[in-house]
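Asker: model14.txt is the file, holding compact mmCIF, C-alpha atoms:
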```
# COMPACT_ATOMS: atom_id res chain seq x y z
CA MET A 1 -14.10 -24.48 24.62
CA THR A 2 -10.49 -23.36 24.32
CA VAL A 3 -10.13 -19.61 24.27
CA LEU A 4 -7.36 -18.48 21.94
CA THR A 5 -5.55 -15.26 22.73
CA PRO A 6 -4.90 -13.07 19.70
CA GLN A 7 -1.20 -12.39 19.25
CA ARG A 8 0.20 -9.35 17.52
CA ALA A 9 2.92 -9.74 14.98
CA LEU A 10 6.26 -8.40 16.18
CA ASP A 11 5.66 -8.52 19.90
CA GLY A 12 8.77 -7.61 21.77
CA GLN A 13 10.87 -4.82 23.07
CA GLU A 14 11.65 -1.57 21.38
CA LEU A 15 15.12 -1.59 19.82
CA ARG A 16 17.52 1.29 20.45
CA HIS A 17 20.86 1.94 18.80
CA GLY A 18 22.46 5.40 18.98
CA ASN A 19 19.79 8.00 18.24
CA LEU A 20 17.56 5.40 16.56
CA GLN A 21 14.49 3.63 17.91
CA LEU A 22 12.49 0.86 16.25
CA SER A 23 9.10 0.11 17.80
CA THR A 24 6.03 -1.83 16.75
CA VAL A 25 2.81 -0.06 15.84
CA ALA A 26 -0.61 -1.35 16.89
CA LEU A 27 -2.70 -0.75 13.78
CA GLY A 28 -6.18 -1.83 14.78
CA ARG A 29 -8.44 -2.59 11.85
CA VAL A 30 -6.71 -2.64 8.42
CA THR A 31 -8.96 -2.68 5.36
CA TRP A 32 -7.75 -2.91 1.77
CA VAL A 33 -9.91 -0.67 -0.44
CA ALA A 34 -9.81 -0.72 -4.25
CA PRO A 35 -12.41 1.30 -6.21
CA TYR A 36 -14.30 -0.51 -8.97
CA PRO A 37 -13.60 0.96 -12.45
CA GLY A 38 -15.36 4.31 -12.81
CA GLU A 39 -16.32 4.46 -9.11
CA GLU A 40 -13.37 6.53 -7.88
CA THR A 41 -15.39 9.70 -7.29
CA ALA A 42 -18.24 7.79 -5.62
CA LEU A 43 -15.73 6.09 -3.33
CA SER A 44 -14.16 9.40 -2.40
CA HIS A 45 -17.59 10.78 -1.46
CA ALA A 46 -18.44 7.66 0.56
CA LEU A 47 -15.12 7.90 2.42
CA GLN A 48 -15.68 11.59 3.00
CA SER A 49 -19.06 11.10 4.63
CA ALA A 50 -18.04 7.99 6.62
CA CYS A 51 -14.52 8.95 7.74
CA SER A 52 -14.00 12.61 6.70
CA MET A 53 -11.23 11.63 4.26
CA SER A 54 -11.09 11.50 0.47
CA PHE A 55 -9.41 8.68 -1.45
CA PRO A 56 -5.67 9.45 -1.64
CA GLY A 57 -3.90 10.10 -4.93
CA PRO A 58 -0.66 8.28 -5.83
CA GLY A 59 1.85 8.49 -2.98
CA GLU A 60 -0.52 10.39 -0.69
CA SER A 61 -2.13 9.70 2.66
CA ARG A 62 -5.04 11.27 4.53
CA GLU A 63 -5.73 11.52 8.21
CA SER A 64 -8.81 12.40 10.22
CA THR A 65 -10.20 11.77 13.69
CA ALA A 66 -11.66 8.50 12.37
CA GLY A 67 -8.29 7.09 11.30
CA ARG A 68 -6.16 7.29 8.21
CA ILE A 69 -5.97 6.02 4.66
CA LEU A 70 -2.68 5.28 2.90
CA TRP A 71 -2.21 4.96 -0.86
CA SER A 72 -0.77 1.49 -1.36
CA GLY A 73 -0.51 0.99 -5.12
CA ARG A 74 -2.33 1.63 -8.38
CA ALA A 75 -6.03 2.18 -7.54
CA GLN A 76 -5.78 0.83 -4.00
CA ALA A 77 -5.31 2.07 -0.47
CA LEU A 78 -5.20 0.79 3.11
CA LEU A 79 -7.84 2.14 5.47
CA ILE A 80 -6.41 2.09 9.00
CA GLY A 81 -8.78 2.30 11.94
CA PRO A 82 -12.44 2.57 10.95
CA HIS A 83 -14.70 -0.22 9.74
CA PRO A 84 -15.80 0.51 6.15
CA SER A 85 -19.39 1.73 5.74
CA ALA A 86 -21.91 0.01 3.48
CA ALA A 87 -21.58 2.93 1.05
CA ILE A 88 -17.84 2.25 0.72
CA GLU A 89 -18.41 -1.45 0.09
CA LYS A 90 -20.83 -0.57 -2.70
CA CYS A 91 -18.28 1.21 -4.89
CA ALA A 92 -15.04 -0.58 -3.97
CA ALA A 93 -13.58 -4.01 -3.40
CA VAL A 94 -13.07 -4.16 0.35
CA VAL A 95 -11.03 -6.83 2.15
CA ASP A 96 -10.29 -7.05 5.87
CA GLN A 97 -6.49 -7.47 6.07
CA THR A 98 -6.11 -6.73 9.78
CA ASP A 99 -4.14 -9.90 10.44
CA GLY A 100 -2.17 -9.65 7.21
CA TRP A 101 -0.06 -6.61 8.01
CA ALA A 102 2.50 -5.68 10.62
CA ALA A 103 3.85 -2.19 11.10
CA MET A 104 6.88 -0.70 12.79
CA ARG A 105 8.11 2.80 13.35
CA LEU A 106 11.72 3.83 12.85
CA GLY A 107 12.57 7.15 14.46
CA GLY A 108 15.71 9.16 15.01
CA ALA A 109 17.92 11.68 13.28
CA SER A 110 19.56 9.10 10.99
CA ALA A 111 16.45 7.03 10.22
CA ALA A 112 16.74 7.86 6.52
CA GLN A 113 20.37 6.68 6.45
CA VAL A 114 19.29 3.33 7.90
CA LEU A 115 16.60 2.78 5.29
CA ALA A 116 18.87 4.04 2.52
CA ARG A 117 20.94 0.91 3.09
CA LEU A 118 17.92 -1.27 2.39
CA THR A 119 15.64 0.42 -0.11
CA PRO A 120 16.22 2.11 -3.50
CA LEU A 121 13.85 4.99 -2.62
CA ASP A 122 14.99 8.60 -2.49
CA LEU A 123 14.16 9.37 1.15
CA ARG A 124 15.36 12.98 1.33
CA PRO A 125 12.63 15.21 2.86
CA SER A 126 12.49 17.21 -0.38
CA HIS A 127 11.44 14.06 -2.27
CA PHE A 128 9.65 12.08 0.44
CA PRO A 129 8.10 14.61 2.86
CA ARG A 130 5.90 13.80 5.82
CA GLY A 131 2.64 12.12 4.81
CA ARG A 132 3.98 10.59 1.60
CA THR A 133 3.66 6.85 1.04
CA ALA A 134 5.59 4.56 -1.31
CA ARG A 135 5.53 0.90 -2.25
CA SER A 136 9.04 -0.42 -2.69
CA LEU A 137 11.48 -3.11 -1.64
CA LEU A 138 13.26 -3.33 1.69
CA GLY A 139 16.00 -5.85 1.09
CA HIS A 140 14.05 -8.41 -0.92
CA VAL A 141 10.78 -7.76 0.87
CA PRO A 142 7.94 -5.68 -0.61
CA VAL A 143 6.92 -2.96 1.85
CA LEU A 144 4.79 0.16 2.17
CA LEU A 145 6.81 3.08 3.55
CA VAL A 146 5.18 6.15 5.09
CA ALA A 147 7.08 9.31 6.02
CA ILE A 148 6.09 10.57 9.48
CA GLU A 149 7.36 13.23 11.87
CA ASN A 150 11.02 12.47 12.63
CA GLY A 151 11.04 9.05 10.96
CA PHE A 152 9.22 6.43 8.93
CA GLU A 153 6.57 3.79 9.32
CA ILE A 154 7.21 0.48 7.61
CA PHE A 155 4.19 -1.67 6.72
CA VAL A 156 5.00 -5.24 5.78
CA MET A 157 3.16 -8.51 5.24
CA ARG A 158 3.00 -10.20 8.61
CA SER A 159 4.79 -13.35 7.45
CA MET A 160 7.89 -11.31 6.55
CA SER A 161 7.85 -8.90 9.50
CA GLU A 162 10.58 -10.67 11.51
CA THR A 163 12.84 -10.66 8.46
CA VAL A 164 12.30 -6.94 7.98
CA ARG A 165 12.89 -6.20 11.66
CA HIS A 166 16.13 -8.17 11.50
CA GLU A 167 17.26 -6.33 8.35
CA ILE A 168 16.48 -2.96 9.93
CA GLU A 169 18.18 -3.83 13.21
CA THR A 170 21.37 -4.83 11.38
CA ALA A 171 21.32 -1.55 9.47
CA MET A 172 20.60 0.38 12.70
CA ARG A 173 23.63 -1.20 14.39
CA SER A 174 26.03 -0.28 11.63
CA THR A 175 24.62 3.22 11.18
CA ALA A 176 24.88 3.88 14.93
CA ALA A 177 28.41 2.41 15.01
CA ARG A 178 29.57 4.69 12.20
CA GLU A 179 28.25 7.73 14.06
CA LYS A 180 30.45 6.88 17.06
CA ILE A 181 33.60 7.07 14.93
CA PRO A 182 35.26 10.48 15.47
CA THR A 183 35.58 12.39 12.23
CA ALA A 184 39.14 12.57 10.85
CA HIS A 185 38.97 16.27 10.00
CA ALA A 186 38.10 17.57 13.45
CA MET B 1 18.69 2.64 -14.65
CA LEU B 2 15.71 4.67 -13.42
CA ILE B 3 12.24 4.21 -14.91
CA PRO B 4 9.87 7.20 -14.56
CA CYS B 5 6.69 5.50 -13.31
CA PRO B 6 3.75 7.88 -13.96
CA LEU B 7 2.36 7.06 -10.50
CA CYS B 8 5.50 6.75 -8.35
CA GLY B 9 8.09 8.96 -10.05
CA ALA B 10 11.61 7.86 -11.02
CA ARG B 11 12.25 4.44 -9.50
CA ASP B 12 15.10 1.99 -9.47
CA LEU B 13 15.27 -0.84 -12.00
CA ARG B 14 15.07 -3.53 -9.30
CA GLU B 15 11.40 -2.71 -8.64
CA PHE B 16 10.48 -3.57 -12.25
CA THR B 17 10.17 -6.70 -14.37
CA PRO B 18 10.51 -6.54 -18.18
CA LYS B 19 7.55 -8.06 -20.02
CA GLY B 20 8.65 -7.90 -23.65
CA ALA B 21 7.81 -5.73 -26.62
CA ALA B 22 4.75 -3.52 -26.29
CA VAL B 23 3.21 -5.02 -29.45
CA THR B 24 1.35 -7.50 -27.20
CA LEU B 25 -1.02 -4.65 -26.28
CA HIS B 26 -2.40 -4.70 -29.83
CA ARG B 27 -4.01 -8.10 -30.20
CA PRO B 28 -5.35 -8.97 -33.67
CA ASP B 29 -9.08 -9.60 -34.20
CA VAL B 30 -10.26 -13.15 -33.63
CA GLY B 31 -10.80 -13.63 -37.37
CA ALA B 32 -7.59 -11.92 -38.44
CA GLY B 33 -6.09 -15.03 -39.98
CA LEU B 34 -3.10 -17.22 -39.25
CA ASP B 35 -0.45 -14.83 -40.58
CA ALA B 36 -1.54 -11.98 -38.32
CA TRP B 37 -1.69 -14.28 -35.28
CA ASN B 38 1.65 -15.89 -36.12
CA ASP B 39 3.18 -12.44 -36.35
CA TYR B 40 1.57 -11.33 -33.07
CA LEU B 41 2.67 -14.39 -31.15
CA HIS B 42 6.12 -15.13 -32.52
CA LEU B 43 7.68 -12.36 -34.60
CA ARG B 44 9.48 -9.50 -32.88
CA ASP B 45 11.72 -6.73 -34.14
CA ASN B 46 15.20 -6.52 -32.68
CA PRO B 47 15.85 -2.79 -32.96
CA ALA B 48 19.22 -1.15 -32.34
CA GLY B 49 17.81 2.14 -31.11
CA PRO B 50 14.47 3.34 -29.74
CA THR B 51 12.11 0.57 -28.66
CA ARG B 52 8.79 0.32 -26.83
CA GLU B 53 8.60 -2.28 -24.08
CA LEU B 54 6.20 -3.38 -21.37
CA TRP B 55 7.54 -3.22 -17.82
CA TRP B 56 5.66 -4.28 -14.71
CA HIS B 57 6.17 -2.20 -11.56
CA GLY B 58 5.56 -5.27 -9.42
CA SER B 59 7.58 -4.21 -6.38
CA GLY B 60 6.05 -0.76 -6.53
CA CYS B 61 2.53 0.32 -7.43
CA GLY B 62 1.73 -2.79 -9.49
CA ALA B 63 1.04 -0.88 -12.72
CA TRP B 64 2.02 -2.09 -16.19
CA LEU B 65 3.95 0.54 -18.13
CA VAL B 66 4.87 1.16 -21.74
CA VAL B 67 8.50 2.29 -21.53
CA GLU B 68 10.37 3.94 -24.38
CA ARG B 69 13.99 2.88 -24.17
CA ASN B 70 17.01 3.12 -26.46
CA THR B 71 18.67 -0.30 -26.70
CA LEU B 72 21.99 1.25 -27.71
CA THR B 73 22.35 3.75 -24.86
CA HIS B 74 19.88 2.36 -22.26
CA GLU B 75 18.42 5.86 -22.16
CA VAL B 76 14.79 5.79 -21.00
CA SER B 77 12.92 8.59 -22.73
CA GLY B 78 9.42 8.07 -21.34
CA ALA B 79 6.88 5.83 -19.66
CA ARG B 80 3.09 5.80 -19.54
CA LEU B 81 0.47 3.51 -18.08
CA ALA B 82 -0.32 0.56 -20.34
CA GLU B 83 -4.02 0.93 -19.43
CA GLU B 84 -4.07 4.30 -21.22
CA GLU B 85 -2.72 2.77 -24.41
CA ALA B 86 -4.80 -0.39 -24.26
CA GLY B 87 -7.91 1.68 -23.50
CA ALA B 88 -8.82 -0.66 -20.65
```
Since I need it in another form, could you write the structure as C-alpha cells?

Answerer:
Amino acid sequence: MTVLTPQRALDGQELRHGNLQLSTVALGRVTWVAPYPGEETALSHALQSACSMSFPGPGESRESTAGRILWSGRAQALLIGPHPSAAIEKCAAVVDQTDGWAAMRLGGASAAQVLARLTPLDLRPSHFPRGRTARSLLGHVPVLLVAIENGFEIFVMRSMSETVRHEIETAMRSTAAREKIPTAHA
Amino acid sequence: MLIPCPLCGARDLREFTPKGAAVTLHRPDVGAGLDAWNDYLHLRDNPAGPTRELWWHGSGCGAWLVVERNTLTHEVSGARLAEEEAGA
C-alpha cells in the first residue's frame, strides 16, 4: 500500500526583512470546542480537570503544561495540543480541525506596524496586550490573531495560508524599507 | 464607523454586515393573522434619526448585534447581543 507523508501547510524558510521575522508554527492537535447552551460552567470544569485550564472569556487565552486554549469567537475556542477528554465531549461540540488551520509567527520591533497595514484592529499593547486573541480580517482573509511576547501569532484557514503569508511578506518588505530611510530631521 | 461589539470591543465597519431593521427579532405568533405577518415581512419604517438595526459580526466573533444608530449623523450609540433581546 502507498504510504502518504503528511505535509504541513506553509512549509518553507523563515522570512526576514529588517528587524522582522515570519516563521511557521507547528501546532500539533487543534480542536474546535463550543459549549452546548447552558453547559459553559461544566465545560470549564472538564477543561480544568483534563488540561488545567478554564474556558477563556471573550478575547482571552489560557496556557498550561498541557497546551493552550484560544478564544476564537462567540461561545467557541481552539484547544491547541491536548486531545479532548470524554468529559469535554459531553458538554461541548468538539471537532478535530488539526488539518484545517495553519499558523505563523511574526516577530520583531515593528511587527504591529506590519499588521496595521493589513488589519483594522487596534494593536497597541495597551489595547491588545500579550495573551489577547481577536478574530478579524487580514486583507480579505478572516484570521485569528494572538498577541505574544515581542510579536503576534496569526492563525488562518489552511487553504488561505499562502495568501496571508504573501500579504504579510509584502507588508514586511515595505515596513523594513521605510525604516532604512534616514529621518529628515536628524 | 466603529461598532462597539459587546464581545470584541469597538471594531471597524468592514468586519460587519448589516442585516436590516431589528423588528425581525419579534416574529408574530403563528395565528397572528395576515395583517400582522404582512407588516412583519414587508413594512419597514424609514426613520431620519435613531434606528435599531441588526448587524452581523461575521468577520469577527460571529455574533448578531442589535445596533442603535442615528441615520442622520451615523452616530452609533450602543450595541448589544441579539441573543439577549431575542431571549434565545

Asker: Within 9 Å of segment 65-79 of chain A, counting all atoms listed in the file, which residues show up once you throw out same-chain ones fewer than 6 positions away? Write them as a PyMOL selection string, please.

Answerer: (chain A and resi 29-36+40+50-59+97+131-135+144+146) or (chain B and resi 7-8+60-63)

Asker: Can you write out the residues you just picked, keeping C-alpha atoms, as a PDB file, keeping the file's coordinate frame?

Answerer:
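Heads up, here's the output in again.pdb:
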```pdb
ATOM      1  CA  ARG A  29      -8.440  -2.590  11.850  1.00  0.00           C
ATOM      2  CA  VAL A  30      -6.710  -2.640   8.420  1.00  0.00           C
ATOM      3  CA  THR A  31      -8.960  -2.680   5.360  1.00  0.00           C
ATOM      4  CA  TRP A  32      -7.750  -2.910   1.770  1.00  0.00           C
ATOM      5  CA  VAL A  33      -9.910  -0.670  -0.440  1.00  0.00           C
ATOM      6  CA  ALA A  34      -9.810  -0.720  -4.250  1.00  0.00           C
ATOM      7  CA  PRO A  35     -12.410   1.300  -6.210  1.00  0.00           C
ATOM      8  CA  TYR A  36     -14.300  -0.510  -8.970  1.00  0.00           C
ATOM      9  CA  GLU A  40     -13.370   6.530  -7.880  1.00  0.00           C
ATOM     10  CA  ALA A  50     -18.040   7.990   6.620  1.00  0.00           C
ATOM     11  CA  CYS A  51     -14.520   8.950   7.740  1.00  0.00           C
ATOM     12  CA  SER A  52     -14.000  12.610   6.700  1.00  0.00           C
ATOM     13  CA  MET A  53     -11.230  11.630   4.260  1.00  0.00           C
ATOM     14  CA  SER A  54     -11.090  11.500   0.470  1.00  0.00           C
ATOM     15  CA  PHE A  55      -9.410   8.680  -1.450  1.00  0.00           C
ATOM     16  CA  PRO A  56      -5.670   9.450  -1.640  1.00  0.00           C
ATOM     17  CA  GLY A  57      -3.900  10.100  -4.930  1.00  0.00           C
ATOM     18  CA  PRO A  58      -0.660   8.280  -5.830  1.00  0.00           C
ATOM     19  CA  GLY A  59       1.850   8.490  -2.980  1.00  0.00           C
ATOM     20  CA  GLN A  97      -6.490  -7.470   6.070  1.00  0.00           C
ATOM     21  CA  GLY A 131       2.640  12.120   4.810  1.00  0.00           C
ATOM     22  CA  ARG A 132       3.980  10.590   1.600  1.00  0.00           C
ATOM     23  CA  THR A 133       3.660   6.850   1.040  1.00  0.00           C
ATOM     24  CA  ALA A 134       5.590   4.560  -1.310  1.00  0.00           C
ATOM     25  CA  ARG A 135       5.530   0.900  -2.250  1.00  0.00           C
ATOM     26  CA  LEU A 144       4.790   0.160   2.170  1.00  0.00           C
ATOM     27  CA  VAL A 146       5.180   6.150   5.090  1.00  0.00           C
TER      28      VAL A 146
ATOM     29  CA  LEU B   7       2.360   7.060 -10.500  1.00  0.00           C
ATOM     30  CA  CYS B   8       5.500   6.750  -8.350  1.00  0.00           C
ATOM     31  CA  GLY B  60       6.050  -0.760  -6.530  1.00  0.00           C
ATOM     32  CA  CYS B  61       2.530   0.320  -7.430  1.00  0.00           C
ATOM     33  CA  GLY B  62       1.730  -2.790  -9.490  1.00  0.00           C
ATOM     34  CA  ALA B  63       1.040  -0.880 -12.720  1.00  0.00           C
TER      35      ALA B  63
END
```

Asker: Produce a table with one row for each residue of chain B that has an atom at most 12 Å from any atom of chain A, each row naming the nearest atom pair and its distance in Å at one decimal; use only C-alpha atoms; arrange rows by chain and rising residue number; format as a Markdown table.

Answerer:
```
| residue | atom | partner | partner_atom | distance |
| --- | --- | --- | --- | --- |
| B:Met1 | CA | A:Pro120 | CA | 11.4 |
| B:Leu2 | CA | A:Pro120 | CA | 10.3 |
| B:Cys5 | CA | A:Pro58 | CA | 10.8 |
| B:Pro6 | CA | A:Pro58 | CA | 9.3 |
| B:Leu7 | CA | A:Pro58 | CA | 5.7 |
| B:Cys8 | CA | A:Gly59 | CA | 6.7 |
| B:Gly9 | CA | A:Gly59 | CA | 9.4 |
| B:Ala10 | CA | A:Leu121 | CA | 9.2 |
| B:Arg11 | CA | A:Leu121 | CA | 7.1 |
| B:Asp12 | CA | A:Pro120 | CA | 6.1 |
| B:Leu13 | CA | A:Pro120 | CA | 9.0 |
| B:Arg14 | CA | A:Pro120 | CA | 8.2 |
| B:Glu15 | CA | A:Ser136 | CA | 6.8 |
| B:Phe16 | CA | A:Ser136 | CA | 10.2 |
| B:Trp56 | CA | A:Arg74 | CA | 11.8 |
| B:His57 | CA | A:Ser136 | CA | 9.5 |
| B:Gly58 | CA | A:Ser136 | CA | 9.0 |
| B:Ser59 | CA | A:Ser136 | CA | 5.5 |
| B:Gly60 | CA | A:Arg135 | CA | 4.6 |
| B:Cys61 | CA | A:Gly73 | CA | 3.9 |
| B:Gly62 | CA | A:Arg74 | CA | 6.1 |
| B:Ala63 | CA | A:Arg74 | CA | 6.0 |
| B:Trp64 | CA | A:Arg74 | CA | 9.7 |
| B:Leu65 | CA | A:Arg74 | CA | 11.6 |
| B:Leu81 | CA | A:Arg74 | CA | 10.3 |
| B:Glu83 | CA | A:Arg74 | CA | 11.2 |
| B:Ala88 | CA | A:Pro37 | CA | 9.6 |
```

Asker: Rounded to one decimal in Å, what is the spacing between atom CA of Glu39 of chain A and atom CA of Lys90 of chain A?

Answerer: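 Result for atom CA of Glu39 of chain A versus atom CA of Lys90 of chain A: 9.3 Å, one decimal.
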
Asker: To one decimal place in Å, what is the distance between atom CA of Leu4 of chain A and atom CA of Thr98 of chain A?

Answerer: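 Distance reported for this atom pair: 17.0 Å.
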
Asker: Using Å and a single decimal, report how far atom CA of Asp99 of chain A sits from atom CA of Pro6 of chain A.

Answerer: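 Separation of atom CA of Pro6 of chain A and atom CA of Asp99 of chain A: 9.8 Å.
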